[in-house]
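Read through the structure below, which is laid out as structure tokens, and then see the notes.
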There are 2 protein chains.
Amino acid sequence: MSAPIYNFSAGPAVLPEAVLRTAQQEMLDYKGTGFPVMAMSHRSDTFLSILHHAEQDLRTLLNIPNHYKILFLQGGATTQFNMVAMNLAHGFKTADAVVTGNWSRIAAEQMQRLTDAQIRIAALAGEGSDHQSLPAVADWDIAEDSAFVHFAINETVNGLQYKEVPKLSDGLPPLVCDMSSEILSREFDVNDYGLIYAGAQKNIGPAGATVVIIREDLLERCPDDIPDVFSYRAHVNRNGMHNTPATYPIYMAGLVFRWLLAQGGVKQIEAVNKLKAATLYDAIDGSGGFYRNNIHPDARSKMNVVFQTGDAELDKKFVLEAGLRGLKELKGYKTVGGMRASIYNAMPLAGVEALAEFMRDFQRRYG
Amino acid sequence: MSAPIYNFSAGPAVLPEAVLRTAQQEMLDYKGTGFPVMAMSHRSDTFLSILHHAEQDLRTLLNIPNHYKILFLQGGATTQFNMVAMNLAHGFKTADAVVTGNWSRIAAEQMQRLTDAQIRIAALAGEGSDHQSLPAVADWDIAEDSAFVHFAINETVNGLQYKEVPKLSDGLPPLVCDMSSEILSREFDVNDYGLIYAGAQKNIGPAGATVVIIREDLLERCPDDIPDVFSYRAHVNRNGMHNTPATYPIYMAGLVFRWLLAQGGVKQIEAVNKLKAATLYDAIDGSGGFYRNNIHPDARSKMNVVFQTGDAELDKKFVLEAGLRGLKELKGYKTVGGMRASIYNAMPLAGVEALAEFMRDFQRRYG
């Protein structure tokens, strides 16, 4: 048997092998129904059951109260920038956005395009700086009468993540969070949020499904005159069947949820994720400066670990040699350079240990 | 071996078995790369090659000239209603919509919601009538200075389809067509169109991918201030990688395109489709009135064949008994009742013959 391949892609990212094997087995005939999942009407009882179980399992995993609705939409997080603004900011003078990196900067910019509300920048970090820390939640300059406060909890490009899951004091606007690159990786209280969204392709499943968790009372804000396909209320009113959903990505997300439950749920996977991140940051910090990551310990991402040697040619060599050993997709984002190891839920500890071992080996040879 | 199952679902619809077998085989390792398609970065060379080949094969199948751009977007045809309006109607006083049934009525209504242009109804058929015919293209009342003329070439619910592929005289606005339920089923000239879109889940592949074919010069109309995720120009400028596309549905669409080429292309599949439709309409017309379809011969759909006995209880029995014989998903749309057989490209002639045989058998027993 050849050496295992470990896929450190930032997304679409690694999926649990057990999930892929189930999908493979069920490809032509889902559980004896005679139908492939891909060829089922989205209104068939079988698909409705797949959708129902995916929703219920997500509810269990994240302990989502009943007054939050769950949707599986299309279009990725990028589409949510505008759906959030169109649905929740109507009639408000302002909405707040926290900008902590590449992704949330784009979010704030794009959100402005389909709303009359002014998008206020409640906090700005990293602009022109070297992205070493995150603004404390207490320092966010929030307007009390804003429609919402939007932020991204983890910035995949620069590898920054809020160590404590942010929450706001009572009386402040609802918190809206892009959790694409960390949902299901650690425990948090859904009650602290007005709306959560996540593109599936990092910590959930394949690209094409977008999870939205919305507090019921916010549905009343959705204006009647926006297109139904962009209206949370229209989707909720039709139980997620306003238009044909991306049925296969939803099925895959459901398989991942079941896999997560079998792993012991979020509490259990969080413990593994802590260990995985510690393994890599220890390898960096223990390298005597050969590998560098200058992010403040309170802001180091447990999902995307960035590091570099300080020598662009050596970084290139690292990525190349690691690839030859089966440690794939370690190249950093184009604007950042260096290396990035994305270690979402489905990356096994063994993969992270193999990378740490390779880091030590590479240093012995080139350090 | 058990009797084959034939899936007459209107969509998500049947897929070629050979395509599903390839997908099954490649599920964990795409062509020896060690990566599952679902777990590949959308920017990886391997996925870019999958996307490139899907695009090239579609270009070959439909003979798409180079000055038309191809996009694989998310959100289905429903999202295209608004993207078309947002991108192409900016600065125009009106845009024209042809309403020929349930779907194009919704399209016209939704298109109005995100544009300042007035959506004019250039033709209206079926409203309050029994949907027996389609307005001739020569009778469409088109405003010459409208932004575009939108229509749906096939109405899946009522089973109506333009017999000749519509085209407009020179000097009239660009024709925009929802081809979701007939794309790749017959030959036509892309040059007659400004923009074509199609949700994949009927004649292309699984739900989650939406094909857009747009004439290059129309990209100049796309306003700068709409969200990038809804801008055709933004997607084209980034070669379809503005945001993470639905990679797996695109891969599946690519497999279907290759299957179609292996069948001999669109010309060949069109001949089979004609035969399939004739088989069912002959069964209906030859039943001495036991089965009914009152649609004008020039408007009968070759993709969705609707019929009924005139007795709702008997229709129910038909659907039930057919299902027990492996002829599945024949129930008509809720507002129409009766039966509907969707016989897209991937439905084999054998399935249609089995249905026609069952129709005769059912009539012998209950006629």
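Convention: chains lettered A, B, ... in structure tokens order; per-chain residue numbering from 1; ligands numbered from 1 as shown.
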Can you list every residue of chain B that has an atom at most 8 Å from chain A, with its nearest atom pair and the distance in Å to one decimal, using only C-alpha atoms, ordered by chain then number, as CSV?
```
residue,atom,partner,partner_atom,distance
B:Ile5,CA,A:Gly34,CA,6.7
B:Asn7,CA,A:Phe35,CA,8.0
B:Ser9,CA,A:Ser41,CA,6.1
B:Ala10,CA,A:Ser41,CA,7.3
B:Gly11,CA,A:Ser41,CA,5.5
B:Pro12,CA,A:Ser41,CA,4.9
B:Ala13,CA,A:Ala39,CA,4.8
B:Val14,CA,A:Ala39,CA,4.9
B:Leu15,CA,A:Ala39,CA,6.2
B:Glu17,CA,A:Leu28,CA,7.7
B:Leu20,CA,A:Leu28,CA,6.4
B:Arg21,CA,A:Leu28,CA,7.4
B:Ala23,CA,A:Met27,CA,7.9
B:Gln24,CA,A:Gln24,CA,5.1
B:Gln25,CA,A:Gln24,CA,7.6
B:Met27,CA,A:Gln24,CA,6.0
B:Leu28,CA,A:Leu20,CA,6.4
B:Gly34,CA,A:Ile5,CA,6.7
B:Phe35,CA,A:Asn7,CA,8.0
B:Met38,CA,A:Pro206,CA,5.4
B:Ala39,CA,A:Ala13,CA,4.8
B:Met40,CA,A:Pro12,CA,5.6
B:Ser41,CA,A:Pro12,CA,4.9
B:His42,CA,A:Pro12,CA,6.6
B:Gln74,CA,A:Gly75,CA,5.2
B:Gly75,CA,A:Gln74,CA,5.2
B:Gly76,CA,A:Thr244,CA,7.2
B:Thr78,CA,A:Val229,CA,6.6
B:Thr79,CA,A:Val229,CA,6.4
B:Asn82,CA,A:Pro227,CA,7.4
B:Gln110,CA,A:Pro227,CA,5.7
B:Met111,CA,A:Pro227,CA,7.7
B:Arg113,CA,A:Pro227,CA,5.7
B:Leu114,CA,A:Ile226,CA,7.0
B:Pro206,CA,A:Met38,CA,5.4
B:Ala207,CA,A:Ala246,CA,4.9
B:Gly208,CA,A:Ala246,CA,4.3
B:Asp225,CA,A:Arg113,CA,6.2
B:Ile226,CA,A:Arg113,CA,5.8
B:Pro227,CA,A:Gln110,CA,5.7
B:Asp228,CA,A:Gln110,CA,7.3
B:Val229,CA,A:Thr79,CA,6.4
B:Asn243,CA,A:Thr78,CA,6.8
B:Thr244,CA,A:Ala207,CA,7.0
B:Pro245,CA,A:Ala207,CA,6.7
B:Ala246,CA,A:Gly208,CA,4.3
B:Thr247,CA,A:Ala207,CA,6.1
B:Tyr248,CA,A:Pro206,CA,7.2
```
**Message:** Please identify the strand (DSSP E) residues within region 76-317 of chain B (assignment by DSSP from backbone atoms) and present them as a ChimeraX atom specification.
**Reply:** /B:94-99,118-124,149-152,154-155,160-161,175-178,195-199,210-215,304-307
**Asked** Asn66 (chain A): which residues within 10 Å, counting only C-alpha atoms, same-chain residues fewer than 5 positions away excluded, as a VMD selection string?
**Response** chain A and resid 59 215 to 216
Would you export the selected residues with N, CA, C and O atoms as a PDB file, in the first residue's frame, please?
```
ATOM      1  N   ARG A  59     -28.805  20.212  14.257  1.00  0.00           N
ATOM      2  CA  ARG A  59     -29.427  20.766  15.465  1.00  0.00           C
ATOM      3  C   ARG A  59     -28.839  20.119  16.717  1.00  0.00           C
ATOM      4  O   ARG A  59     -28.520  20.786  17.707  1.00  0.00           O
ATOM      5  N   ARG A 215     -32.294  33.230  13.649  1.00  0.00           N
ATOM      6  CA  ARG A 215     -33.245  33.356  14.764  1.00  0.00           C
ATOM      7  C   ARG A 215     -34.580  33.806  14.182  1.00  0.00           C
ATOM      8  O   ARG A 215     -34.645  34.770  13.425  1.00  0.00           O
ATOM      9  N   GLU A 216     -35.617  33.082  14.559  1.00  0.00           N
ATOM     10  CA  GLU A 216     -36.943  33.232  13.972  1.00  0.00           C
ATOM     11  C   GLU A 216     -37.441  34.676  13.893  1.00  0.00           C
ATOM     12  O   GLU A 216     -37.976  35.097  12.868  1.00  0.00           O
TER      13      GLU A 216
END
```
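Around Ser104 (chain A), within 8 Å and counting only C-alpha atoms, the residues found are A:Ala97, A:Val98, A:Val99, A:Phe151, A:Ala152, A:Glu155, once anything fewer than 5 positions away on its own chain is removed.
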**DSSP helix (DSSP H, G or I) selection over region 96-299 of chain A, as a ChimeraX atom specification** = /A:102-114,137-139,190-192,216-221,228-230,232-237,247-262,265-285,297-299
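For the pair CA of Gly159 (chain A) and CA of Ser301 (chain A), the separation is 5.1 Å.
Separating CA of Pro297 (chain A) from CA of His131 (chain A) is a distance of 12.5 Å.
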**Prompt:** Can you list, as a ChimeraX atom specification, every protein, DNA or RNA residue that comes within 10 Å of region 90-96 of chain A when you count only C-alpha atoms, leaving out same-chain residues fewer than 2 positions away?
**Reply:** /A:84-88,98-99,108,111-112,115-123,140-151,173,175-176,221-223
**Point-to-point distance from CA of Leu51 (chain B) to CA of Val212 (chain B), Å rounded to tenths** = 13.9 Å
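Using only C-alpha atoms, the nearest neighbour of Val157 (chain A) within the list A:Lys334, A:Ser169, A:Ala356, A:Leu324 is A:Lys334.
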**Asked** Which neighbours of Arg364 (chain A) fall inside 12 Å, counting only C-alpha atoms, when residues of the same chain fewer than 5 positions from it are skipped, and could you give them as number ranges by chain?
**Response** A: 287-288, 290, 357-359
**Request:** Using only C-alpha atoms, determine which residues lie at most 8 Å from region 260-276 of chain B, disregarding the query and same-chain residues fewer than 2 positions distant; provide the list as number ranges by chain.
**Result:** B: 57, 61-62, 184-187, 256-258, 278-280, 302-303, 343-345, 349, 352-353
Suppose we keep N, CA, C and O atoms; can you now write the selection as a PDB file, in the first residue's frame?
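And here is the file that came out, selection_9.pdb:
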```
ATOM      1  N   ASP B  57     -16.325  20.660 -23.831  1.00  0.00           N
ATOM      2  CA  ASP B  57     -17.257  19.654 -24.333  1.00  0.00           C
ATOM      3  C   ASP B  57     -18.644  20.264 -24.570  1.00  0.00           C
ATOM      4  O   ASP B  57     -19.319  19.935 -25.547  1.00  0.00           O
ATOM      5  N   LEU B  61     -20.618  20.355 -28.047  1.00  0.00           N
ATOM      6  CA  LEU B  61     -21.973  19.799 -28.165  1.00  0.00           C
ATOM      7  C   LEU B  61     -22.953  20.806 -28.749  1.00  0.00           C
ATOM      8  O   LEU B  61     -23.805  20.463 -29.569  1.00  0.00           O
ATOM      9  N   LEU B  62     -22.837  22.067 -28.305  1.00  0.00           N
ATOM     10  CA  LEU B  62     -23.805  23.076 -28.747  1.00  0.00           C
ATOM     11  C   LEU B  62     -23.229  23.988 -29.823  1.00  0.00           C
ATOM     12  O   LEU B  62     -23.878  24.950 -30.232  1.00  0.00           O
ATOM     13  N   LEU B 184     -29.570  20.815 -24.724  1.00  0.00           N
ATOM     14  CA  LEU B 184     -28.872  19.611 -25.196  1.00  0.00           C
ATOM     15  C   LEU B 184     -29.804  18.515 -25.698  1.00  0.00           C
ATOM     16  O   LEU B 184     -29.353  17.415 -26.028  1.00  0.00           O
ATOM     17  N   SER B 185     -31.105  18.814 -25.795  1.00  0.00           N
ATOM     18  CA  SER B 185     -32.039  17.785 -26.267  1.00  0.00           C
ATOM     19  C   SER B 185     -32.274  17.879 -27.769  1.00  0.00           C
ATOM     20  O   SER B 185     -32.818  16.962 -28.367  1.00  0.00           O
ATOM     21  N   ARG B 186     -31.909  19.030 -28.381  1.00  0.00           N
ATOM     22  CA  ARG B 186     -32.075  19.183 -29.834  1.00  0.00           C
ATOM     23  C   ARG B 186     -31.125  20.266 -30.325  1.00  0.00           C
ATOM     24  O   ARG B 186     -30.665  21.104 -29.556  1.00  0.00           O
ATOM     25  N   GLU B 187     -30.880  20.254 -31.601  1.00  0.00           N
ATOM     26  CA  GLU B 187     -29.964  21.218 -32.184  1.00  0.00           C
ATOM     27  C   GLU B 187     -30.618  22.605 -32.274  1.00  0.00           C
ATOM     28  O   GLU B 187     -31.825  22.717 -32.485  1.00  0.00           O
ATOM     29  N   VAL B 256     -21.556  14.005 -17.901  1.00  0.00           N
ATOM     30  CA  VAL B 256     -22.742  13.885 -18.769  1.00  0.00           C
ATOM     31  C   VAL B 256     -22.412  14.412 -20.171  1.00  0.00           C
ATOM     32  O   VAL B 256     -22.816  13.812 -21.175  1.00  0.00           O
ATOM     33  N   PHE B 257     -21.668  15.507 -20.243  1.00  0.00           N
ATOM     34  CA  PHE B 257     -21.294  16.036 -21.562  1.00  0.00           C
ATOM     35  C   PHE B 257     -20.491  14.986 -22.347  1.00  0.00           C
ATOM     36  O   PHE B 257     -20.703  14.776 -23.535  1.00  0.00           O
ATOM     37  N   ARG B 258     -19.559  14.325 -21.646  1.00  0.00           N
ATOM     38  CA  ARG B 258     -18.740  13.327 -22.317  1.00  0.00           C
ATOM     39  C   ARG B 258     -19.599  12.138 -22.767  1.00  0.00           C
ATOM     40  O   ARG B 258     -19.411  11.593 -23.842  1.00  0.00           O
ATOM     41  N   ALA B 278     -42.648  10.535 -29.570  1.00  0.00           N
ATOM     42  CA  ALA B 278     -43.666   9.980 -30.475  1.00  0.00           C
ATOM     43  C   ALA B 278     -44.276   8.711 -29.878  1.00  0.00           C
ATOM     44  O   ALA B 278     -45.482   8.474 -29.984  1.00  0.00           O
ATOM     45  N   THR B 279     -43.448   7.902 -29.258  1.00  0.00           N
ATOM     46  CA  THR B 279     -43.927   6.658 -28.641  1.00  0.00           C
ATOM     47  C   THR B 279     -45.023   6.939 -27.617  1.00  0.00           C
ATOM     48  O   THR B 279     -46.055   6.263 -27.577  1.00  0.00           O
ATOM     49  N   LEU B 280     -44.805   7.971 -26.802  1.00  0.00           N
ATOM     50  CA  LEU B 280     -45.806   8.268 -25.772  1.00  0.00           C
ATOM     51  C   LEU B 280     -47.030   8.978 -26.350  1.00  0.00           C
ATOM     52  O   LEU B 280     -48.175   8.644 -26.006  1.00  0.00           O
ATOM     53  N   LYS B 302     -41.528  17.599 -25.983  1.00  0.00           N
ATOM     54  CA  LYS B 302     -40.830  16.321 -26.156  1.00  0.00           C
ATOM     55  C   LYS B 302     -40.073  15.943 -24.889  1.00  0.00           C
ATOM     56  O   LYS B 302     -39.444  14.883 -24.831  1.00  0.00           O
ATOM     57  N   MET B 303     -40.125  16.796 -23.884  1.00  0.00           N
ATOM     58  CA  MET B 303     -39.405  16.529 -22.639  1.00  0.00           C
ATOM     59  C   MET B 303     -40.339  16.106 -21.512  1.00  0.00           C
ATOM     60  O   MET B 303     -40.001  15.257 -20.700  1.00  0.00           O
ATOM     61  N   ILE B 343     -39.030  12.894 -19.891  1.00  0.00           N
ATOM     62  CA  ILE B 343     -38.203  11.961 -20.670  1.00  0.00           C
ATOM     63  C   ILE B 343     -37.000  12.697 -21.263  1.00  0.00           C
ATOM     64  O   ILE B 343     -36.822  12.776 -22.469  1.00  0.00           O
ATOM     65  N   TYR B 344     -36.200  13.233 -20.349  1.00  0.00           N
ATOM     66  CA  TYR B 344     -34.999  13.966 -20.749  1.00  0.00           C
ATOM     67  C   TYR B 344     -33.990  13.018 -21.406  1.00  0.00           C
ATOM     68  O   TYR B 344     -34.202  11.798 -21.454  1.00  0.00           O
ATOM     69  N   ASN B 345     -32.880  13.603 -21.842  1.00  0.00           N
ATOM     70  CA  ASN B 345     -31.838  12.838 -22.555  1.00  0.00           C
ATOM     71  C   ASN B 345     -31.481  11.500 -21.903  1.00  0.00           C
ATOM     72  O   ASN B 345     -31.261  10.510 -22.600  1.00  0.00           O
ATOM     73  N   LEU B 349     -34.771   4.853 -24.314  1.00  0.00           N
ATOM     74  CA  LEU B 349     -35.955   4.493 -25.099  1.00  0.00           C
ATOM     75  C   LEU B 349     -36.687   3.317 -24.454  1.00  0.00           C
ATOM     76  O   LEU B 349     -37.926   3.277 -24.419  1.00  0.00           O
ATOM     77  N   VAL B 352     -39.238   4.390 -21.984  1.00  0.00           N
ATOM     78  CA  VAL B 352     -40.430   4.957 -22.603  1.00  0.00           C
ATOM     79  C   VAL B 352     -41.297   3.835 -23.196  1.00  0.00           C
ATOM     80  O   VAL B 352     -42.527   3.849 -23.071  1.00  0.00           O
ATOM     81  N   GLU B 353     -40.657   2.845 -23.789  1.00  0.00           N
ATOM     82  CA  GLU B 353     -41.397   1.708 -24.337  1.00  0.00           C
ATOM     83  C   GLU B 353     -42.096   0.927 -23.226  1.00  0.00           C
ATOM     84  O   GLU B 353     -43.240   0.478 -23.390  1.00  0.00           O
TER      85      GLU B 353
END
```
